[in-house]
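**Q** Below are the structure tokens for one structure; questions will follow.
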Amino acid sequence: MFKVNVTLMKKCRINFWTIIIFSVYTFGCNSTEEIDPIIEDPKDQNDDKEEEVVAIPLKELFKDYFPIGAAITPQHADLATIHGEALVKHFNSVTAENVMKPESLQRNKGVYTWEGADRIVQFAKNNNLQVRGHTLTWHSQSPDWMFYDENGELLSREVASAQLEEHITTVMSRYKGDVYAWDVVNEAMSDWDPNGEIIYREDSPWYKIFGPSYIDSAFVFAHRADPEAKLFYNDYNSIFSWKRNKIYDLVKRLKDNNIPIDGVGLQGHWMIETSEQDIRTTLDLFRGLGVEIQITELDLPVYLSSNEEGSMVYTETFSQRQKQTYSMIFQVLLDYKDVITGVTFWGIGDDASWLDQPGRKAFPFLLDENLQPKPAYFEVQKLLN
């Protein structure tokens with residue numbers, strides 16, 4: 001090592017750091033490898049890294065606006081599964097996808113099967129989730145004995161009415177205080193009629209026996225069974241003019257006749273190209289009736305039409321479509337937060353959907369096949385974060 005004469009430094013007024021720099025340079029010259037020092041700016045190190053966005057649970061995102069729900073099976077009601085974990089993390093409401101429908105609860109007259117429904121309700125109670133009941137009165141997934149006698153003939157009004165009242169009363173009494181809202185009547189309106197003359201679904205056995213008055217009776221029976229429960233009429237294609245006006249007239253008629261109805265469930269089986277104006281017009285219409293509005297069966301398949309080629313892979317094109325449309329949908333719903341009292345997805349994640357077909361997955365939700373947030377999820381999160 002070199003020695004520094006401090007006295008000489010003082011006499012010659014040589015700066016100490018000059019000696020150090022000179023010495024480093026001198027000794028460095030003995031190396032055959034040139035060293036090119038690189039000074040890194042810490043900011044530069046992060047230039048190529050995107051800031052990681054943390055997913056906020058859906059129920060937290062919308063906690064100041066409306067509950068977020070999912071339609072589930074009894075198998076999902078288990079914290080040991082990824083479905084149970086996702087339910088507790090993201091949702092604060094659940095709907096039984098099938099096990100509360102008439103055929104599931106009372107396939108044989110007078111013999112009730114409660115296991116599946118009980119499991120969902122108990123899971124909800126244990127994990128502070130609300131429960132929507134679906135559904136009490138429907139022409140589909142209802143046992144034949146509700147409509148026909150042993151000879152296959154339609155029942156009389158008196159017999160059919162008594163059986164309907166007994167079913168509604170028994171089911172609602174069992175879950176009184178645990179199920180806060182019920183889809184009392186499901187899909188009773190005619191889906192399409194070019195001339196606008198067919199109002200009700202006339203092929204329904206309920207309609208064939210009663211005419212439209214079975215709807216009134218079902219709501220009266222439901223209110224008697226649980227006066228505190230919220231009672232809804234639920235239907236699909238409800239944002240299109242040719243059907244929403246029929247639903248509007250029905251709900252208005254029930255209210256004008258003091259039939260106990262609290263709200264309308266708009267099934268959100270919508271498409272990528274669903275019109276924002278159709279949704280807004282529908283929400284404005286029912287807001288004018290002074291009823292609650294719930295989006296009850298929300299899913300958004302990735303295809304532009306049923307003819308588009310199917311895929312088992314979630315592509316960037318699918319992602320961009322859903323980002324745009326889901327963002328639009330939830331912006332609209334937030335704009336109507338004063339009348340919307342619940343939004344329920346018809347499933348949890350893309351691992352399973354009633355829309356899936358062989359070789360053609362629908363990918364309709366905000367959570368992917370592993371129940372993790374998709375890009376569309378974060379687009380929705382931007383609206384609130």
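Residue numbering restarts at 1 for every chain of the structure tokens, chains are lettered A, B, ... in their displayed order, and ligands are numbered from 1 as they appear.
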Pick out the residues sitting within 10 Å of segment 269-276 of chain A, and hand them over as a PyMOL selection string; count only C-alpha atoms, and ignore anything fewer than 2 positions along from it in its own chain.
**A** chain A and resi 236-240+266-267+278-281+295-305+318+321-326+328-329+331-332+345-346+355+364
**Q** How would the residues just chosen look if you wrote them out with C-alpha atoms as an mmCIF file, in the first residue's frame?
**A**
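In the end it all went to selection-v9.cif:
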data_model
loop_
_atom_site.group_PDB
_atom_site.id
_atom_site.type_symbol
_atom_site.label_atom_id
_atom_site.label_comp_id
_atom_site.auth_asym_id
_atom_site.auth_seq_id
_atom_site.Cartn_x
_atom_site.Cartn_y
_atom_site.Cartn_z
ATOM 1 C CA TYR A 236 -85.281 -12.746 -18.448
ATOM 2 C CA ASN A 237 -85.022 -10.576 -21.596
ATOM 3 C CA SER A 238 -86.420 -7.872 -19.341
ATOM 4 C CA ILE A 239 -84.338 -5.038 -20.844
ATOM 5 C CA PHE A 240 -85.939 -5.371 -24.292
ATOM 6 C CA LEU A 266 -83.972 -8.511 -13.937
ATOM 7 C CA GLN A 267 -82.118 -11.607 -15.062
ATOM 8 C CA ASP A 278 -81.646 -0.586 -23.078
ATOM 9 C CA ILE A 279 -80.408 -1.102 -19.526
ATOM 10 C CA ARG A 280 -80.875 2.542 -18.563
ATOM 11 C CA THR A 281 -84.348 2.738 -20.100
ATOM 12 C CA ILE A 295 -79.978 -7.966 -11.102
ATOM 13 C CA THR A 296 -80.564 -11.615 -10.302
ATOM 14 C CA GLU A 297 -78.708 -13.842 -12.772
ATOM 15 C CA LEU A 298 -75.776 -11.895 -14.181
ATOM 16 C CA ASP A 299 -73.423 -13.542 -16.649
ATOM 17 C CA LEU A 300 -71.719 -12.240 -19.786
ATOM 18 C CA PRO A 301 -70.554 -14.846 -22.321
ATOM 19 C CA VAL A 302 -67.623 -13.773 -24.487
ATOM 20 C CA TYR A 303 -69.171 -14.411 -27.922
ATOM 21 C CA LEU A 304 -70.758 -11.893 -30.263
ATOM 22 C CA SER A 305 -73.344 -14.437 -31.373
ATOM 23 C CA PHE A 318 -62.508 -12.225 -25.235
ATOM 24 C CA ARG A 321 -64.756 -7.542 -24.948
ATOM 25 C CA GLN A 322 -65.578 -8.318 -21.336
ATOM 26 C CA LYS A 323 -63.482 -5.464 -19.976
ATOM 27 C CA GLN A 324 -65.470 -2.983 -21.998
ATOM 28 C CA THR A 325 -68.950 -4.408 -21.399
ATOM 29 C CA TYR A 326 -68.601 -5.302 -17.715
ATOM 30 C CA MET A 328 -70.233 -0.307 -18.809
ATOM 31 C CA ILE A 329 -72.710 -2.505 -16.944
ATOM 32 C CA GLN A 331 -71.096 2.001 -14.259
ATOM 33 C CA VAL A 332 -74.795 1.979 -15.122
ATOM 34 C CA PHE A 345 -73.960 -13.542 -10.649
ATOM 35 C CA TRP A 346 -75.401 -16.816 -11.932
ATOM 36 C CA LEU A 355 -73.853 -21.585 -20.753
ATOM 37 C CA PRO A 364 -68.985 -15.417 -18.410
#
**Q** How would you write, as JSON, numbers by chain, the set of residues in segment 272-360 of chain A that DSSP gives as alpha helix (DSSP H)?
**A** {"A": [276, 277, 278, 279, 280, 281, 282, 283, 284, 285, 286, 287, 316, 317, 318, 319, 320, 321, 322, 323, 324, 325, 326, 327, 328, 329, 330, 331, 332, 333, 334, 335]}
**Q** Tell me which of A:His83, A:Arg253, A:Arg244, A:Arg224 sits closest to Thr170 of chain A, counting only C-alpha atoms.
**A**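 That would be A:Arg224, the residue with the smallest distance to Thr170 of chain A.
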**Q** Write out as a VMD selection string all residues of segment 83-221 of chain A that DSSP puts in strand (DSSP E or B) for this structure's backbone.
**A** chain A and resid 93 to 96 108 111 130 to 137 148 154 181 to 186 189 200
**Q** Leaving out Asp262 of chain A and any residue of its chain fewer than 2 positions from it, which residues lie within 12 Å of it when counting only C-alpha atoms, given as a PyMOL selection string?
**A** chain A and resi 180-184+219+222-223+227-234+251-252+254-255+258-260+264-265+286+289-294+339+341
**Q** Next, dump the selected residues to file, keeping only C-alpha atoms, as a JSON list (two decimals), in the first residue's frame.
**A**
[["chain", "number", "residue", "atom", "x", "y", "z"],
["A", 180, "TYR", "CA", -84.46, -12.31, 3.22],
["A", 181, "ALA", "CA", -85.92, -12.27, -0.31],
["A", 182, "TRP", "CA", -87.76, -14.66, -2.63],
["A", 183, "ASP", "CA", -88.36, -14.89, -6.35],
["A", 184, "VAL", "CA", -92.03, -15.64, -5.79],
["A", 219, "PHE", "CA", -97.62, -13.22, -3.81],
["A", 222, "ALA", "CA", -95.88, -15.67, 0.23],
["A", 223, "HIS", "CA", -96.65, -12.54, 2.24],
["A", 227, "PRO", "CA", -94.50, -10.82, 6.13],
["A", 228, "GLU", "CA", -90.90, -9.63, 6.55],
["A", 229, "ALA", "CA", -89.48, -11.23, 3.39],
["A", 230, "LYS", "CA", -88.88, -9.17, 0.25],
["A", 231, "LEU", "CA", -91.00, -10.51, -2.61],
["A", 232, "PHE", "CA", -89.84, -10.30, -6.24],
["A", 233, "TYR", "CA", -91.12, -11.06, -9.70],
["A", 234, "ASN", "CA", -88.18, -12.45, -11.77],
["A", 251, "VAL", "CA", -95.91, -5.15, -11.59],
["A", 252, "LYS", "CA", -98.00, -2.00, -11.86],
["A", 254, "LEU", "CA", -100.11, -5.93, -8.75],
["A", 255, "LYS", "CA", -99.24, -2.70, -6.93],
["A", 258, "ASN", "CA", -102.45, -3.91, -3.32],
["A", 259, "ILE", "CA", -100.85, -7.27, -4.03],
["A", 260, "PRO", "CA", -97.72, -7.45, -1.84],
["A", 264, "VAL", "CA", -88.50, -6.89, -9.79],
["A", 265, "GLY", "CA", -85.61, -9.21, -10.59],
["A", 286, "PHE", "CA", -89.08, 0.43, -12.94],
["A", 289, "LEU", "CA", -92.88, 2.32, -10.04],
["A", 290, "GLY", "CA", -91.13, 2.78, -6.72],
["A", 291, "VAL", "CA", -90.03, -0.84, -6.45],
["A", 292, "GLU", "CA", -86.66, -2.36, -5.63],
["A", 293, "ILE", "CA", -84.61, -3.60, -8.56],
["A", 294, "GLN", "CA", -82.19, -6.51, -8.39],
["A", 339, "VAL", "CA", -83.02, 1.65, -6.48],
["A", 341, "THR", "CA", -80.68, -3.50, -3.85]]
**Q** Counting only C-alpha atoms, which of A:Gly116, A:Gly288, A:Pro205, A:Pro67 gets nearest to Ser140 of chain A?
**A**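 For Ser140 of chain A, the nearest of the candidates is A:Pro205.
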**Q** My list of candidates is A:Lys125, A:His167, A:Lys89, A:Lys59. Which is closest to Lys109 of chain A when distances are computed with only C-alpha atoms?
**A**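 Result for the nearest residue to Lys109 of chain A: A:His167.
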